[in-house]
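*Asks:* To start, I am sharing the structure in question, which I have written as structure tokens.
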Amino acid sequence: MAYMLGRSPACRTSFLALLASLVCGAVPSRAQTAPVSGPGFASEHTLLAASFASEKLWVWQRRLNLRDWDISVAVVRTAEMKPKTVGHIRWDRGRKTAVIQVLDPADYHLPLDATLRDIEFTVVHELIHLEMVPILSDLQRTDANRMEEEHAVNHMAEAQLQLDRGR
């Protein structure tokens with residue numbers, strides 16, 4: 001089970017090998033005849049994103065001290081998301097379970113490395129929302145304070161990632 005969830009060293013090694021092969025050689029070049037937007041290409045990136053997001057979830061869940069939560073990640077298409085979003089989290093506070101949705105790379109208009117950085121940002125962003133559940137759950141929610149919450153969560157996620165990346 002730990003292997004399937006990306007929590008074993010073997011999975012991390014295979015993820016890195018998959019990432020290296022996709023970035024360094026498995027992506028079709030312009031000279032090849034394989035279409036860049038074909039179904040095989042999108043599914044490879046979807047699998048890569050799922051593995052990458054699971055690995056980042058494992059790391060950030062521990063860093064943010066959310067070990068007592070059972071959290072999973074799902075890669076979904078734009079049609080499954082609210083308009084103008086790239087991520088979402090649903091949780092059950094009583095059971096301490098949550099599912100983070102991240103946008104499928106097929107729906108990004110960025111290079112793969114930038115897409116993966118954005119997926120990591122999304123995972124961190126959604127975990128910060130989860131950390132705030134006990135504080136925010138009893139407040140009366142309005143569009144205005146939701147916008148303020150998003151702004152604050154974005155700043156906290158960016159600060160965490162900058163610290164992690166040594167900037």
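Labeling convention for the structure tokens: chains A, B, ... as they appear, residues from 1 per chain, ligands from 1 in order of appearance.
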May I have the residues within 7 Å of stretch 152-154 of chain A as a PyMOL selection string, using only C-alpha atoms and disregarding those fewer than 4 positions away in the same chain?

*Replies:* chain A and resi 125+128-129+148+158

*Asks:* If DSSP is run on the backbone, what residues of stretch 43-132 of chain A are alpha helix (DSSP H)? A reply as a ChimeraX atom specification would be ideal.

*Replies:* /A:43-63,112-131

*Asks:* Write out as a PyMOL selection string each polymer residue whose atoms come within 7 Å of stretch 74-85 of chain A, counting only C-alpha atoms; drop sequence neighbours fewer than 6 positions from it.

*Replies:* chain A and resi 50+100-104+107

*Asks:* Between atom CA of A:Asp92 and atom CA of A:Met132, what distance in Å does the model show, to one decimal?

*Replies:*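 Going from atom CA of A:Asp92 over to atom CA of A:Met132 covers 13.3 Å.
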
*Asks:* Skipping near chain neighbours, those fewer than 6 positions away, what residues fall within 12 Å of A:Ser72 using only C-alpha atoms, listed as a list in words?

*Replies:*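 Returned residues: Met4, Leu5, Gly6, Arg7, Ala50, Ser51, Ala53, Ser54, Glu55, Lys56, Leu57, Trp58, Gln61, His88, Ile89, Arg90, Trp91, Lys96, Thr97, Ala98, Val99, Ile100, Gln101, Val102, Val123, Glu126 and Leu127 of chain A.
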
*Asks:* So that I have them on file, write out the residues from the current selection with N, CA, C and O atoms, as a short mmCIF file (atom, residue, chain, number, x, y, z; two decimals), in the first residue's frame.

*Replies:*
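Below is the file that was written, out_4.cif:
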```cif
data_model
loop_
_atom_site.label_atom_id
_atom_site.label_comp_id
_atom_site.auth_asym_id
_atom_site.auth_seq_id
_atom_site.Cartn_x
_atom_site.Cartn_y
_atom_site.Cartn_z
N MET A 4 2.02 2.13 -3.42
CA MET A 4 1.00 2.72 -4.29
C MET A 4 0.76 4.17 -3.95
O MET A 4 0.41 4.96 -4.81
N LEU A 5 0.95 4.56 -2.71
CA LEU A 5 0.70 5.93 -2.31
C LEU A 5 1.92 6.82 -2.48
O LEU A 5 1.89 7.98 -2.11
N GLY A 6 3.01 6.27 -3.00
CA GLY A 6 4.19 7.09 -3.21
C GLY A 6 4.97 7.34 -1.94
O GLY A 6 5.65 8.34 -1.82
N ARG A 7 4.84 6.46 -0.96
CA ARG A 7 5.47 6.69 0.33
C ARG A 7 6.66 5.79 0.58
O ARG A 7 7.13 5.69 1.68
N ALA A 50 0.21 12.88 -11.58
CA ALA A 50 -0.35 12.15 -10.43
C ALA A 50 0.75 11.68 -9.50
O ALA A 50 0.66 11.81 -8.27
N SER A 51 1.81 11.13 -10.07
CA SER A 51 2.94 10.66 -9.26
C SER A 51 3.63 11.83 -8.56
O SER A 51 3.93 11.77 -7.37
N ALA A 53 2.36 14.84 -7.86
CA ALA A 53 1.47 15.43 -6.85
C ALA A 53 1.41 14.56 -5.61
O ALA A 53 1.40 15.09 -4.48
N SER A 54 1.39 13.25 -5.77
CA SER A 54 1.38 12.34 -4.61
C SER A 54 2.65 12.47 -3.80
O SER A 54 2.62 12.48 -2.56
N GLU A 55 3.77 12.57 -4.49
CA GLU A 55 5.05 12.74 -3.80
C GLU A 55 5.09 14.06 -3.04
O GLU A 55 5.51 14.12 -1.88
N LYS A 56 4.64 15.14 -3.68
CA LYS A 56 4.63 16.45 -3.02
C LYS A 56 3.64 16.47 -1.87
O LYS A 56 3.90 17.09 -0.83
N LEU A 57 2.52 15.80 -2.02
CA LEU A 57 1.56 15.69 -0.92
C LEU A 57 2.22 15.02 0.28
O LEU A 57 2.11 15.49 1.41
N TRP A 58 2.92 13.93 0.05
CA TRP A 58 3.60 13.20 1.12
C TRP A 58 4.58 14.13 1.85
O TRP A 58 4.61 14.17 3.07
N GLN A 61 2.56 17.34 3.49
CA GLN A 61 1.67 16.92 4.58
C GLN A 61 2.48 16.78 5.87
O GLN A 61 2.03 17.16 6.95
N HIS A 88 -8.59 22.17 -5.88
CA HIS A 88 -9.72 22.20 -4.95
C HIS A 88 -9.46 21.14 -3.88
O HIS A 88 -8.79 20.15 -4.14
N ILE A 89 -10.01 21.36 -2.70
CA ILE A 89 -9.92 20.36 -1.65
C ILE A 89 -11.29 20.15 -1.02
O ILE A 89 -12.04 21.10 -0.81
N ARG A 90 -11.62 18.89 -0.78
CA ARG A 90 -12.82 18.52 -0.03
C ARG A 90 -12.35 17.74 1.18
O ARG A 90 -11.46 16.91 1.08
N TRP A 91 -12.96 18.04 2.33
CA TRP A 91 -12.54 17.35 3.54
C TRP A 91 -13.73 16.94 4.39
O TRP A 91 -14.82 17.47 4.25
N LYS A 96 -11.26 13.23 9.46
CA LYS A 96 -9.92 13.68 9.11
C LYS A 96 -9.46 13.06 7.79
O LYS A 96 -8.37 12.51 7.69
N THR A 97 -10.33 13.18 6.79
CA THR A 97 -10.00 12.73 5.44
C THR A 97 -10.16 13.91 4.49
O THR A 97 -10.97 14.81 4.72
N ALA A 98 -9.38 13.88 3.41
CA ALA A 98 -9.47 14.95 2.42
C ALA A 98 -9.00 14.43 1.06
O ALA A 98 -8.20 13.50 0.99
N VAL A 99 -9.53 15.07 0.01
CA VAL A 99 -9.09 14.79 -1.36
C VAL A 99 -8.75 16.13 -1.99
O VAL A 99 -9.57 17.05 -2.00
N ILE A 100 -7.53 16.21 -2.50
CA ILE A 100 -7.09 17.40 -3.24
C ILE A 100 -7.19 17.09 -4.72
O ILE A 100 -6.68 16.07 -5.17
N GLN A 101 -7.84 17.97 -5.45
CA GLN A 101 -7.89 17.87 -6.91
C GLN A 101 -6.90 18.86 -7.50
O GLN A 101 -6.86 20.02 -7.07
N VAL A 102 -6.09 18.38 -8.45
CA VAL A 102 -5.18 19.26 -9.19
C VAL A 102 -5.51 19.13 -10.67
O VAL A 102 -5.97 18.09 -11.13
N VAL A 123 -0.90 21.95 -4.40
CA VAL A 123 -0.93 21.01 -3.26
C VAL A 123 -0.68 21.77 -1.96
O VAL A 123 -1.43 21.60 -0.98
N GLU A 126 -3.71 24.03 -1.07
CA GLU A 126 -4.87 23.30 -0.55
C GLU A 126 -4.61 22.75 0.85
O GLU A 126 -5.51 22.71 1.69
N LEU A 127 -3.37 22.34 1.13
CA LEU A 127 -3.04 21.87 2.48
C LEU A 127 -3.14 23.01 3.50
O LEU A 127 -3.54 22.78 4.65
#
```

*Asks:* I'd like to know which of A:Leu110, A:Leu64, A:Val73, A:Val59 is closest to A:Glu131, using only C-alpha atoms.

*Replies:*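 Of the candidates, the smallest distance to A:Glu131 is held by A:Leu64.
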
*Asks:* Between atom CA of A:Val133 and atom CA of A:Arg146, what is the distance in Å, rounded to a tenth?

*Replies:*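 Distance between the two atoms: 12.9 Å.
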
*Asks:* Using only C-alpha atoms, which of A:Val124, A:Val86, A:Leu139, A:Ala144 sits nearest A:Ala106?

*Replies:*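 Closest candidate: A:Val86.
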
*Asks:* In Å, how far is it from atom CA of A:Asp113 to atom CA of A:Thr46?

*Replies:*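 Computing it gives 13.3 Å between the two atoms.
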
*Asks:* Could you check the closest approach to A:Leu136 for each of A:Glu149, A:Gln160, A:Glu120, A:Arg62 and tell me which residue wins, using only C-alpha atoms?

*Replies:*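 The answer is A:Glu149, which sits nearest to A:Leu136.
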
*Asks:* Could you pull out all residues of stretch 20-158 of chain A with a DSSP call of strand (DSSP E or B) and give them as a PyMOL selection string?

*Replies:* chain A and resi 70-76+87-92+97-103
